[in-house]
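Have a look at start_12.tsv; it's TSV, C-alpha atoms:
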```tsv
chain	number	residue	atom	x	y	z
W	9	MET	CA	-2.93	32.45	36.91
W	10	PRO	CA	-5.28	30.80	34.34
W	11	SER	CA	-7.61	28.22	35.79
W	12	SER	CA	-8.90	24.95	34.37
W	13	THR	CA	-12.45	26.34	34.40
W	14	GLY	CA	-11.61	28.98	31.78
W	15	ILE	CA	-12.23	31.63	34.41
W	16	ASN	CA	-9.39	34.09	34.79
W	17	PRO	CA	-8.96	36.75	37.44
W	18	ILE	CA	-8.98	40.45	36.69
W	19	PRO	CA	-6.17	42.65	37.98
W	20	ASP	CA	-6.79	44.91	40.92
W	21	CYS	CA	-6.97	48.04	38.73
W	22	GLN	CA	-9.06	51.20	38.75
W	23	ILE	CA	-11.15	51.92	35.67
W	24	THR	CA	-9.94	55.53	35.69
W	25	TRP	CA	-6.37	54.26	35.28
W	26	ILE	CA	-7.38	52.40	32.14
W	27	ILE	CA	-8.87	55.57	30.66
W	28	GLY	CA	-5.71	57.47	31.64
W	29	LEU	CA	-3.51	54.89	29.92
W	30	LEU	CA	-5.52	55.13	26.70
W	31	GLU	CA	-5.32	58.95	26.73
W	32	THR	CA	-1.57	58.74	27.30
W	33	LEU	CA	-1.11	56.32	24.43
W	34	GLU	CA	-3.08	58.58	22.12
W	35	ASP	CA	-0.77	61.45	23.07
W	36	ARG	CA	2.21	59.21	22.36
W	37	GLY	CA	1.21	58.22	18.86
W	38	GLY	CA	-0.61	55.02	19.84
W	39	ARG	CA	2.27	52.93	21.13
W	40	ASP	CA	5.02	53.19	23.72
W	41	ASP	CA	7.15	51.19	26.11
W	42	GLY	CA	5.37	50.38	29.40
W	43	TYR	CA	8.41	51.01	31.55
W	44	LYS	CA	9.06	54.35	29.85
W	45	ILE	CA	5.45	55.47	30.42
W	46	ALA	CA	5.63	54.56	34.11
W	47	ARG	CA	8.92	56.40	34.54
W	48	GLU	CA	7.84	59.52	32.68
W	49	LEU	CA	4.53	59.74	34.53
W	50	ASN	CA	6.13	58.86	37.85
W	51	PHE	CA	3.57	56.06	38.11
W	52	ASN	CA	4.31	52.83	39.95
W	53	PHE	CA	5.52	50.29	37.35
W	54	GLY	CA	3.84	47.36	39.11
W	55	ASP	CA	0.55	49.23	38.95
W	56	LEU	CA	1.14	50.13	35.31
W	57	LEU	CA	1.54	46.44	34.48
W	58	LYS	CA	-1.87	45.83	36.06
W	59	VAL	CA	-3.38	48.64	34.01
W	60	MET	CA	-1.86	47.22	30.82
W	61	LYS	CA	-3.20	43.79	31.65
W	62	ALA	CA	-6.66	45.15	32.50
W	63	ALA	CA	-6.82	47.18	29.28
W	64	GLU	CA	-5.73	44.10	27.35
W	65	ILE	CA	-8.47	41.97	28.94
W	66	LEU	CA	-10.96	44.57	27.70
W	67	ASN	CA	-9.37	44.38	24.19
W	68	LEU	CA	-8.54	48.09	24.30
W	69	VAL	CA	-4.79	47.57	23.90
W	70	SER	CA	-2.32	44.84	23.03
W	71	THR	CA	1.02	44.38	24.74
W	72	PRO	CA	3.62	43.31	22.17
W	73	SER	CA	7.05	42.72	23.80
W	74	GLY	CA	6.89	45.17	26.72
W	75	ASP	CA	5.18	47.83	24.64
W	76	VAL	CA	1.58	48.80	24.96
W	77	GLN	CA	-0.34	49.55	21.81
W	78	LEU	CA	-3.73	51.17	21.35
W	79	GLU	CA	-6.10	48.84	19.47
W	80	ALA	CA	-9.11	49.72	17.31
W	81	LEU	CA	-11.53	49.26	20.21
W	82	GLY	CA	-9.36	51.50	22.37
W	83	ARG	CA	-9.53	54.23	19.74
W	84	ARG	CA	-13.27	53.82	19.53
W	85	PHE	CA	-13.43	54.07	23.32
W	86	LEU	CA	-11.49	57.35	23.29
W	87	ALA	CA	-13.75	58.82	20.63
W	88	SER	CA	-16.85	57.91	22.66
W	89	ASP	CA	-18.69	59.80	25.36
W	90	ILE	CA	-18.75	58.47	28.89
W	91	ASN	CA	-21.95	56.46	28.44
W	92	GLN	CA	-20.78	54.84	25.20
W	93	ARG	CA	-17.54	54.00	27.01
W	94	LYS	CA	-19.52	52.20	29.67
W	95	LEU	CA	-21.29	50.19	26.97
W	96	ILE	CA	-17.98	49.15	25.41
W	97	VAL	CA	-16.67	47.94	28.77
W	98	ARG	CA	-19.99	46.24	29.43
W	99	GLU	CA	-19.88	44.25	26.17
W	100	GLN	CA	-16.27	43.20	26.83
W	101	LEU	CA	-16.99	42.11	30.40
W	102	LYS	CA	-19.93	39.99	29.32
W	103	GLN	CA	-17.43	37.90	27.32
W	104	HIS	CA	-15.06	37.55	30.26
W	105	GLY	CA	-15.22	34.19	32.05
W	106	LEU	CA	-15.46	35.55	35.58
W	107	PHE	CA	-18.12	38.16	34.79
W	108	ASN	CA	-20.01	35.66	32.67
W	109	TYR	CA	-19.98	33.21	35.57
W	110	LEU	CA	-21.30	35.85	37.98
W	111	ILE	CA	-24.00	36.97	35.54
W	112	ARG	CA	-25.24	33.39	35.19
W	113	LEU	CA	-25.03	32.88	38.93
W	114	LEU	CA	-27.12	35.98	39.63
W	115	ARG	CA	-29.63	35.14	36.92
W	116	ALA	CA	-30.20	31.81	38.60
W	117	GLN	CA	-31.35	33.57	41.76
W	118	GLU	CA	-35.00	34.46	42.09
W	119	ASP	CA	-34.30	38.14	42.85
W	120	HIS	CA	-31.08	38.25	40.77
W	121	ALA	CA	-29.11	39.02	43.94
W	122	LEU	CA	-26.72	37.41	46.42
W	123	THR	CA	-25.04	38.42	49.67
W	124	ARG	CA	-21.38	39.40	49.62
W	125	GLU	CA	-20.47	36.33	51.66
W	126	VAL	CA	-21.92	33.94	49.08
W	127	VAL	CA	-20.15	35.75	46.24
W	128	LEU	CA	-16.85	35.53	48.16
W	129	GLU	CA	-17.34	31.76	48.45
W	130	HIS	CA	-17.88	31.47	44.72
W	131	LEU	CA	-14.82	33.59	44.00
W	132	ALA	CA	-12.70	31.45	46.34
W	133	MET	CA	-13.98	28.35	44.60
W	134	VAL	CA	-13.41	29.40	40.98
W	135	LEU	CA	-10.19	31.33	41.63
W	136	PRO	CA	-8.58	29.72	44.70
W	137	ASN	CA	-5.29	31.60	44.25
W	138	GLU	CA	-6.81	35.07	44.40
W	139	PRO	CA	-7.63	36.96	47.60
W	140	PRO	CA	-11.44	37.02	47.34
W	141	GLU	CA	-12.08	40.33	49.14
W	142	ALA	CA	-9.80	42.27	46.80
W	143	LEU	CA	-11.25	40.50	43.79
W	144	PHE	CA	-14.78	41.26	44.99
W	145	ALA	CA	-13.92	44.96	45.34
W	146	THR	CA	-12.57	45.08	41.78
W	147	VAL	CA	-15.54	43.14	40.38
W	148	VAL	CA	-17.90	45.59	42.11
W	149	ASN	CA	-16.03	48.61	40.75
W	150	TRP	CA	-15.83	47.36	37.19
W	151	GLY	CA	-19.38	46.02	37.41
W	152	ARG	CA	-20.69	49.37	38.63
W	153	PHE	CA	-18.85	51.26	35.90
W	154	ALA	CA	-20.27	48.92	33.25
W	155	GLU	CA	-23.66	49.01	34.97
W	156	LEU	CA	-23.63	45.21	35.00
W	157	PHE	CA	-23.61	44.73	38.75
W	158	GLY	CA	-24.72	46.77	41.70
W	159	PHE	CA	-23.77	46.36	45.32
W	160	ASN	CA	-25.69	47.80	48.24
W	161	LYS	CA	-23.57	47.60	51.35
W	162	ASP	CA	-26.39	48.48	53.74
W	163	GLU	CA	-28.64	45.72	52.40
W	164	ASP	CA	-25.68	43.37	51.76
W	165	ARG	CA	-26.95	42.81	48.28
W	166	PHE	CA	-24.83	42.12	45.17
W	167	TYR	CA	-27.15	42.20	42.19
W	168	LEU	CA	-27.58	42.25	38.43
W	169	ASP	CA	-27.94	45.92	37.52
W	170	GLN	CA	-29.82	45.66	34.23
W	171	GLU	CA	-30.28	43.14	31.45
I	3	MET	CA	-19.66	93.38	31.21
I	4	ALA	CA	-17.23	90.94	32.79
I	5	LEU	CA	-18.79	88.01	34.58
I	6	LEU	CA	-16.32	88.37	37.38
I	7	GLU	CA	-14.07	91.22	38.39
I	8	LEU	CA	-11.54	91.78	41.15
I	9	LYS	CA	-10.49	95.35	41.92
I	10	HIS	CA	-7.45	95.95	44.11
I	11	VAL	CA	-8.19	92.96	46.32
I	12	GLU	CA	-6.01	92.62	49.40
I	13	LYS	CA	-5.96	89.97	52.08
I	14	SER	CA	-4.03	90.03	55.32
I	15	PHE	CA	-4.18	87.78	58.34
I	16	VAL	CA	-3.37	89.13	61.77
I	17	HIS	CA	-1.34	86.81	63.97
I	18	PRO	CA	0.43	87.30	67.34
I	19	ASN	CA	3.71	88.39	65.73
I	20	GLY	CA	2.23	90.82	63.27
I	21	VAL	CA	0.32	90.97	60.05
I	22	LEU	CA	0.71	88.44	57.25
I	23	ARG	CA	0.03	89.93	53.85
I	24	VAL	CA	-1.33	87.16	51.63
I	25	LEU	CA	-2.72	89.00	48.62
I	26	GLU	CA	-1.73	92.45	47.43
I	27	ASP	CA	-3.50	94.61	44.88
I	28	ILE	CA	-5.08	91.85	42.79
I	29	SER	CA	-7.06	93.18	39.85
I	30	PHE	CA	-8.39	91.27	36.83
I	31	SER	CA	-11.65	90.42	35.17
I	32	VAL	CA	-12.99	87.20	33.66
I	33	ALA	CA	-15.43	86.99	30.76
I	34	GLU	CA	-18.07	84.29	30.59
I	35	GLY	CA	-16.85	81.18	28.79
I	36	GLN	CA	-13.19	81.47	29.80
I	37	PHE	CA	-11.12	78.75	31.32
I	38	VAL	CA	-8.68	80.55	33.59
I	39	ALA	CA	-5.85	78.85	35.43
I	40	VAL	CA	-4.16	80.46	38.41
I	41	VAL	CA	-0.61	79.31	39.08
I	42	GLY	CA	1.90	80.32	41.68
I	43	PRO	CA	4.22	78.86	44.31
I	44	SER	CA	2.96	77.95	47.75
I	45	GLY	CA	2.44	81.11	49.74
I	46	SER	CA	1.05	82.97	46.72
I	47	GLY	CA	-2.42	83.03	48.22
I	48	LYS	CA	-4.02	81.42	45.15
I	49	SER	CA	-6.37	79.21	47.17
I	50	THR	CA	-7.25	82.17	49.39
I	51	MET	CA	-8.09	84.17	46.29
I	52	LEU	CA	-10.43	81.43	45.09
I	53	ARG	CA	-12.24	81.43	48.43
I	54	ILE	CA	-12.59	85.21	48.33
I	55	ILE	CA	-14.10	84.95	44.83
I	56	ASN	CA	-16.53	82.31	46.09
I	57	GLY	CA	-17.39	84.53	49.04
I	58	LEU	CA	-16.33	82.01	51.67
I	59	ILE	CA	-13.92	84.53	53.18
I	60	PRO	CA	-13.99	88.32	52.85
I	61	ALA	CA	-11.23	90.42	51.27
I	62	SER	CA	-9.43	92.80	53.63
I	63	ALA	CA	-9.70	95.56	51.02
I	64	GLY	CA	-10.82	95.96	47.43
I	65	GLU	CA	-13.87	94.67	45.63
I	66	VAL	CA	-15.09	91.42	44.13
I	67	LEU	CA	-17.78	92.03	41.54
I	68	TYR	CA	-20.01	89.39	40.02
I	69	GLN	CA	-21.94	90.64	37.00
I	70	GLY	CA	-21.06	94.14	38.10
I	71	ARG	CA	-22.39	93.75	41.62
I	72	GLN	CA	-20.38	93.38	44.76
I	73	VAL	CA	-20.33	89.84	46.17
I	74	ASP	CA	-21.76	89.80	49.66
I	75	GLY	CA	-21.45	86.40	51.32
I	76	VAL	CA	-21.25	83.14	49.40
I	77	ASN	CA	-21.97	83.56	45.68
I	78	PRO	CA	-24.85	81.19	44.84
I	79	GLU	CA	-23.76	81.10	41.18
I	80	ALA	CA	-20.30	79.76	41.97
I	81	ALA	CA	-19.34	76.29	43.20
I	82	LEU	CA	-16.07	74.98	44.57
I	83	VAL	CA	-14.29	71.69	43.96
I	84	PHE	CA	-11.65	70.80	46.52
I	85	GLN	CA	-8.36	68.89	46.38
I	86	SER	CA	-9.48	66.73	49.32
I	87	PHE	CA	-12.82	65.93	47.59
I	88	ALA	CA	-14.61	66.95	50.84
I	89	LEU	CA	-17.08	64.04	50.73
I	90	LEU	CA	-19.07	62.89	53.73
I	91	PRO	CA	-17.98	59.28	54.37
I	92	TRP	CA	-21.29	58.21	55.90
I	93	LEU	CA	-23.29	59.28	52.85
I	94	THR	CA	-23.64	57.44	49.54
I	95	VAL	CA	-22.53	58.96	46.25
I	96	LYS	CA	-26.07	60.03	45.50
I	97	ALA	CA	-26.56	61.64	48.92
I	98	ASN	CA	-23.20	63.43	48.63
I	99	VAL	CA	-24.23	64.88	45.26
I	100	GLU	CA	-27.61	65.97	46.63
I	101	LEU	CA	-26.04	67.64	49.64
I	102	GLY	CA	-25.43	71.03	48.04
I	103	LEU	CA	-28.95	71.06	46.63
I	104	GLU	CA	-30.47	70.36	50.00
I	105	ALA	CA	-28.51	73.27	51.44
I	106	ARG	CA	-29.92	75.51	48.69
I	107	GLY	CA	-33.49	74.50	49.42
I	108	VAL	CA	-34.15	72.48	46.25
I	109	PRO	CA	-37.19	70.23	46.91
I	110	PRO	CA	-36.54	66.44	47.14
I	111	ALA	CA	-38.01	65.41	43.76
I	112	ALA	CA	-36.05	68.07	41.86
I	113	ARG	CA	-32.96	67.23	43.91
I	114	GLU	CA	-33.13	63.62	42.86
I	115	LYS	CA	-33.62	64.45	39.20
I	116	ARG	CA	-30.78	66.92	39.09
I	117	ALA	CA	-28.39	64.66	41.00
I	118	ALA	CA	-29.17	61.82	38.58
I	119	PHE	CA	-28.44	64.09	35.60
I	120	TYR	CA	-25.01	65.14	36.87
I	121	ILE	CA	-24.10	61.69	38.14
I	122	ASP	CA	-24.66	60.56	34.56
I	123	LYS	CA	-22.60	63.46	33.13
I	124	VAL	CA	-19.50	62.62	35.15
I	125	GLY	CA	-19.74	58.88	34.47
I	126	LEU	CA	-20.90	57.80	37.92
I	127	ASP	CA	-23.99	55.91	36.78
I	128	GLY	CA	-23.94	52.61	38.63
I	129	PHE	CA	-22.10	54.11	41.64
I	130	GLU	CA	-25.11	55.87	43.20
I	131	GLU	CA	-25.28	53.70	46.29
I	132	ALA	CA	-21.51	53.33	46.79
I	133	TYR	CA	-19.86	54.94	49.82
I	134	PRO	CA	-16.75	57.10	49.38
I	135	ARG	CA	-14.62	54.42	51.07
I	136	GLU	CA	-15.46	52.00	48.24
I	137	LEU	CA	-14.20	54.45	45.60
I	138	SER	CA	-10.82	55.19	44.06
I	139	GLY	CA	-9.51	58.78	44.20
I	140	GLY	CA	-10.62	59.36	40.62
I	141	MET	CA	-14.16	58.28	41.35
I	142	LYS	CA	-14.20	60.39	44.53
I	143	GLN	CA	-13.25	63.50	42.58
I	144	ARG	CA	-15.99	62.72	40.04
I	145	VAL	CA	-18.40	62.84	42.99
I	146	GLY	CA	-16.91	66.20	44.05
I	147	LEU	CA	-17.38	67.46	40.50
I	148	ALA	CA	-20.96	66.17	40.22
I	149	ARG	CA	-21.81	67.82	43.53
I	150	ALA	CA	-20.44	71.16	42.35
I	151	LEU	CA	-22.14	70.89	38.93
I	152	ALA	CA	-25.48	69.88	40.45
I	153	VAL	CA	-26.02	73.34	41.92
I	154	GLU	CA	-25.78	74.56	38.29
I	155	PRO	CA	-23.21	77.28	38.89
I	156	ARG	CA	-22.18	79.73	36.20
I	157	VAL	CA	-18.64	79.68	37.54
I	158	LEU	CA	-16.84	76.55	38.61
I	159	LEU	CA	-13.98	77.22	41.02
I	160	MET	CA	-11.48	74.40	41.37
I	161	ASP	CA	-8.77	74.33	44.03
I	162	GLU	CA	-5.97	71.94	42.99
I	163	PRO	CA	-8.61	69.37	41.98
I	164	PHE	CA	-6.14	66.85	40.53
I	165	SER	CA	-3.11	67.42	42.73
I	166	ALA	CA	-3.89	64.59	45.15
I	167	LEU	CA	-4.34	62.09	42.31
I	168	ASP	CA	-1.82	59.84	40.57
I	169	ALA	CA	-0.77	60.70	37.00
I	170	LEU	CA	-3.07	58.33	35.11
I	171	THR	CA	-6.11	59.38	37.12
I	172	ALA	CA	-5.29	63.06	36.62
I	173	ILE	CA	-4.87	62.59	32.85
I	174	SER	CA	-8.25	60.95	32.64
I	175	LEU	CA	-10.07	63.53	34.76
I	176	ARG	CA	-8.52	66.51	32.93
I	177	GLU	CA	-9.90	65.18	29.65
I	178	GLU	CA	-13.30	64.66	31.22
I	179	LEU	CA	-13.28	68.19	32.66
I	180	LEU	CA	-12.58	69.63	29.21
I	181	ASP	CA	-15.47	67.60	27.79
I	182	ILE	CA	-17.76	69.01	30.47
I	183	TRP	CA	-16.55	72.56	29.89
I	184	GLN	CA	-17.09	72.23	26.14
I	185	SER	CA	-20.45	70.50	26.47
I	186	ARG	CA	-23.25	72.83	25.43
I	187	ASP	CA	-26.01	71.23	27.47
I	188	LEU	CA	-24.45	72.23	30.80
I	189	PRO	CA	-24.93	75.68	32.30
I	190	VAL	CA	-21.31	76.13	33.42
I	191	HIS	CA	-19.04	77.72	30.81
I	192	THR	CA	-16.57	79.52	33.04
I	193	ILE	CA	-13.90	77.72	35.04
I	194	MET	CA	-11.23	79.06	37.33
I	195	LEU	CA	-8.70	76.44	38.32
I	196	VAL	CA	-5.92	76.88	40.86
I	197	THR	CA	-2.94	74.61	40.39
I	198	HIS	CA	0.76	74.42	41.13
I	199	ILE	CA	1.24	72.12	38.13
I	200	ILE	CA	2.22	74.38	35.24
I	201	GLU	CA	1.69	71.71	32.56
I	202	GLU	CA	-1.87	71.31	33.81
I	203	ALA	CA	-2.54	75.04	33.40
I	204	VAL	CA	-1.07	75.09	29.89
I	205	GLU	CA	-3.01	72.01	28.87
I	206	LEU	CA	-6.39	73.22	30.09
I	207	ALA	CA	-6.66	76.99	30.19
I	208	ASP	CA	-7.35	79.83	27.76
I	209	ARG	CA	-5.58	82.16	30.07
I	210	ILE	CA	-3.05	81.82	32.89
I	211	LEU	CA	-2.73	84.20	35.82
I	212	VAL	CA	0.67	83.95	37.48
I	213	LEU	CA	0.99	84.95	41.13
I	214	SER	CA	4.16	85.64	43.09
I	215	ALA	CA	4.54	84.59	46.72
I	216	HIS	CA	4.70	86.49	50.06
I	217	PRO	CA	2.59	88.41	49.30
I	218	GLY	CA	0.67	87.12	46.30
I	219	ARG	CA	0.78	89.66	43.48
I	220	LEU	CA	-0.40	89.24	39.94
I	221	VAL	CA	2.85	89.17	37.94
I	222	ALA	CA	1.55	87.97	34.58
I	223	ASP	CA	-1.68	87.47	32.70
I	224	LEU	CA	-1.02	85.23	29.69
I	225	THR	CA	-3.33	84.17	26.89
I	226	VAL	CA	-2.85	80.57	25.80
I	227	GLU	CA	-3.08	80.49	22.00
I	228	LEU	CA	-2.33	76.76	21.58
I	229	LYS	CA	-4.96	74.85	19.60
I	230	ARG	CA	-6.99	72.14	21.31
I	231	PRO	CA	-6.53	69.25	21.83
I	232	ARG	CA	-3.12	70.27	23.09
I	233	ASP	CA	-0.11	68.09	22.62
I	234	ARG	CA	2.31	68.04	25.53
I	235	ARG	CA	5.12	66.87	23.28
I	236	LYS	CA	5.03	69.95	21.04
I	237	ASP	CA	7.72	72.62	21.30
I	238	SER	CA	5.13	75.39	21.52
I	239	PHE	CA	3.59	73.65	24.56
I	240	ASN	CA	6.93	73.31	26.31
I	241	ALA	CA	7.96	76.84	25.43
I	242	LEU	CA	4.91	78.16	27.25
I	243	VAL	CA	5.53	75.88	30.24
I	244	ASP	CA	9.09	77.23	30.43
I	245	LYS	CA	7.87	80.80	30.18
I	246	VAL	CA	5.40	80.38	33.06
I	247	PHE	CA	8.03	78.55	35.06
I	248	SER	CA	10.55	81.37	34.63
I	249	LEU	CA	7.94	83.97	35.63
I	250	ILE	CA	7.36	82.09	38.87
I	251	GLU	CA	11.08	81.54	39.48
I	252	GLU	CA	11.94	85.22	39.00
I	253	ARG	CA	9.34	86.55	41.34
I	254	GLY	CA	8.71	83.63	43.68
```
Since I need it in another form, could you write the structure as structure tokens?
Amino acid sequence: MPSSTGINPIPDCQITWIIGLLETLEDRGGRDDGYKIARELNFNFGDLLKVMKAAEILNLVSTPSGDVQLEALGRRFLASDINQRKLIVREQLKQHGLFNYLIRLLRAQEDHALTREVVLEHLAMVLPNEPPEALFATVVNWGRFAELFGFNKDEDRFYLDQE
Amino acid sequence: MALLELKHVEKSFVHPNGVLRVLEDISFSVAEGQFVAVVGPSGSGKSTMLRIINGLIPASAGEVLYQGRQVDGVNPEAALVFQSFALLPWLTVKANVELGLEARGVPPAAREKRAAFYIDKVGLDGFEEAYPRELSGGMKQRVGLARALAVEPRVLLMDEPFSALDALTAISLREELLDIWQSRDLPVHTIMLVTHIIEEAVELADRILVLSAHPGRLVADLTVELKRPRDRRKDSFNALVDKVFSLIEERG
């Protein structure tokens, strides 16, 4: 659900799923029906909708009328090696309201780090309709992949990975 | 000389009601640089064969040769990737990747450097301090792959590596495995992958060994001539899938 702050949630979706969707689309000529893909791959349709949404947030695909279509950035992503792929995701996430908010929040800290508890409070505040623990887990996973955020469970430290 | 050769390998297990013959008269050789898939129904002993090649379990009869010499104990130039990932839950990603190196006596500084290199190669940069519980199945198997690659094997042995993963994850990891196999800056050029998914074998391998079940016998040794990247929607792809399927059906 969009919020008045311009900060939108991200779907609870694994990065590997997004890569898998892009590969599948490439095999299918760049565009196909979401429901058909889910059925043919025997992949949960509810999960596939999340993957489509996540890939759309990253500008890798568009989703015209139930279809999912590979976009130019998605093609560039597929042609890239794993480290270039991380950079593409990183640049997209920096533009995303939630990640942008967290980057600014961490930058404002002396050591560019916060505890999990404090981050959960911020998430609950900016996105009151989202379960904060699940959102935190997704933010950490995407943030790690993009090398934007790190999280050290032992030290309870959520931090800015690199500038 | 073949990198790897099996000569009349047999494997039987003795149990209270008699002897179970798992593998019977398995002979083939693998040249360096090949991607070989082994397919067969359950009960064909394909995972057992992989463990015999690795030296984890001995053959009951026959010989396993590596570079012309008989394998005695675990082959230090082979590494296994497991379906279950086999990660230690109390260790971080980095520590899990370093584990195999520690066991092989690589000193700490070199261990760290090599682990970092392979963590980067499989796309796990940024996940070094994560615990397995924090990771999706796809990321866990990347850890399993990095751990196997870090020992710099010449042969990578993979036992149903993608069978426990959902379709989208498996699609993504298969592509990444091909990139790793084709990458010139890595020492591993030879892969042997056991799978029960025929499409997976046809998509990835240069060559497919088909085993029958009870006991496992080598019933076919097929060369895959399809050009890469392979298109699953092509008739030639499906024709080969059907051929392998019928070989298994007939004998299985």
Give me, as a ChimeraX atom specification, the contact residues of chain W against chain I at a cut-off of 7 Å, counting all atoms listed in the file. /W:22,24-25,27-29,31,35,49,51,90-91,152-153,155,158,160
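Here atom CA of I:Leu5 and atom CA of I:Ile59 stand 19.5 Å from one another.
Of the residues under consideration (W:Gly14, W:Ile45, W:Leu56, W:Phe166), W:Gly14 shows the shortest atom-to-atom contact distance to W:Tyr109 when counting only C-alpha atoms.
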Residues at most 12 Å from I:Ala97, counting all atoms listed in the file, excluding those fewer than 6 positions away in the same chain, as a count of residues only? 23
How would you write as a count of residues only the residues that get within 10 Å of (-9.7, 46.5, 42.4) in the file's frame, counting only C-alpha atoms? 19
Between atom CA of I:Val108 and atom CA of I:Lys96, what is the distance, to one decimal in Å? 14.9 Å
Within 6 Å of stretch 62-75 of chain W, counting only C-alpha atoms, which residues qualify if same-chain residues fewer than 6 places away don't, as a PDB file with C-alpha atoms, in the coordinates of the input?
```pdb
ATOM      1  CA  ILE W  26      -7.380  52.400  32.140  1.00  0.00           C
ATOM      2  CA  ASP W  40       5.020  53.190  23.720  1.00  0.00           C
ATOM      3  CA  ASP W  41       7.150  51.190  26.110  1.00  0.00           C
ATOM      4  CA  GLY W  42       5.370  50.380  29.400  1.00  0.00           C
ATOM      5  CA  LEU W  81     -11.530  49.260  20.210  1.00  0.00           C
ATOM      6  CA  GLY W  82      -9.360  51.500  22.370  1.00  0.00           C
ATOM      7  CA  GLN W 100     -16.270  43.200  26.830  1.00  0.00           C
TER       8      GLN W 100
END
```
So which residues touch I:Glu162 within 6 Å, counting all atoms listed in the file, skipping near sequence neighbours fewer than 3 positions away, as a VMD selection string? chain I and resid 85 165 196 to 197
I want to know what sits within 8 Å of I:Leu220, based on all atoms listed in the file, with residues of the same chain fewer than 2 positions away left out; could you give that as a PDB file with C-alpha atoms, in the coordinates of the input?
```pdb
ATOM      1  CA  ASP I  27      -3.500  94.610  44.880  1.00  0.00           C
ATOM      2  CA  ILE I  28      -5.080  91.850  42.790  1.00  0.00           C
ATOM      3  CA  SER I  29      -7.060  93.180  39.850  1.00  0.00           C
ATOM      4  CA  LEU I 211      -2.730  84.200  35.820  1.00  0.00           C
ATOM      5  CA  VAL I 212       0.670  83.950  37.480  1.00  0.00           C
ATOM      6  CA  LEU I 213       0.990  84.950  41.130  1.00  0.00           C
ATOM      7  CA  SER I 214       4.160  85.640  43.090  1.00  0.00           C
ATOM      8  CA  GLY I 218       0.670  87.120  46.300  1.00  0.00           C
ATOM      9  CA  ALA I 222       1.550  87.970  34.580  1.00  0.00           C
ATOM     10  CA  ASP I 223      -1.680  87.470  32.700  1.00  0.00           C
TER      11      ASP I 223
END
```
The distance between atom CA of W:Phe85 and atom CA of W:Gly37 is 15.9 Å
Hey, what's within 10 Å of W:Phe107 if we count only C-alpha atoms and toss same-chain stuff fewer than 3 positions away? As a ChimeraX atom specification, please? /W:15-18,98,100-104,110-113,147,150-151,156-157
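Closest approach to W:Leu78 among W:Leu33, W:Leu95, W:Ala116, W:Leu135: W:Leu33, based on only C-alpha atoms.
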From I:Ser14, I:Asn19, I:Ser62, I:Gln72, residue lying nearest I:Gly47 [all atoms listed in the file]: I:Ser14
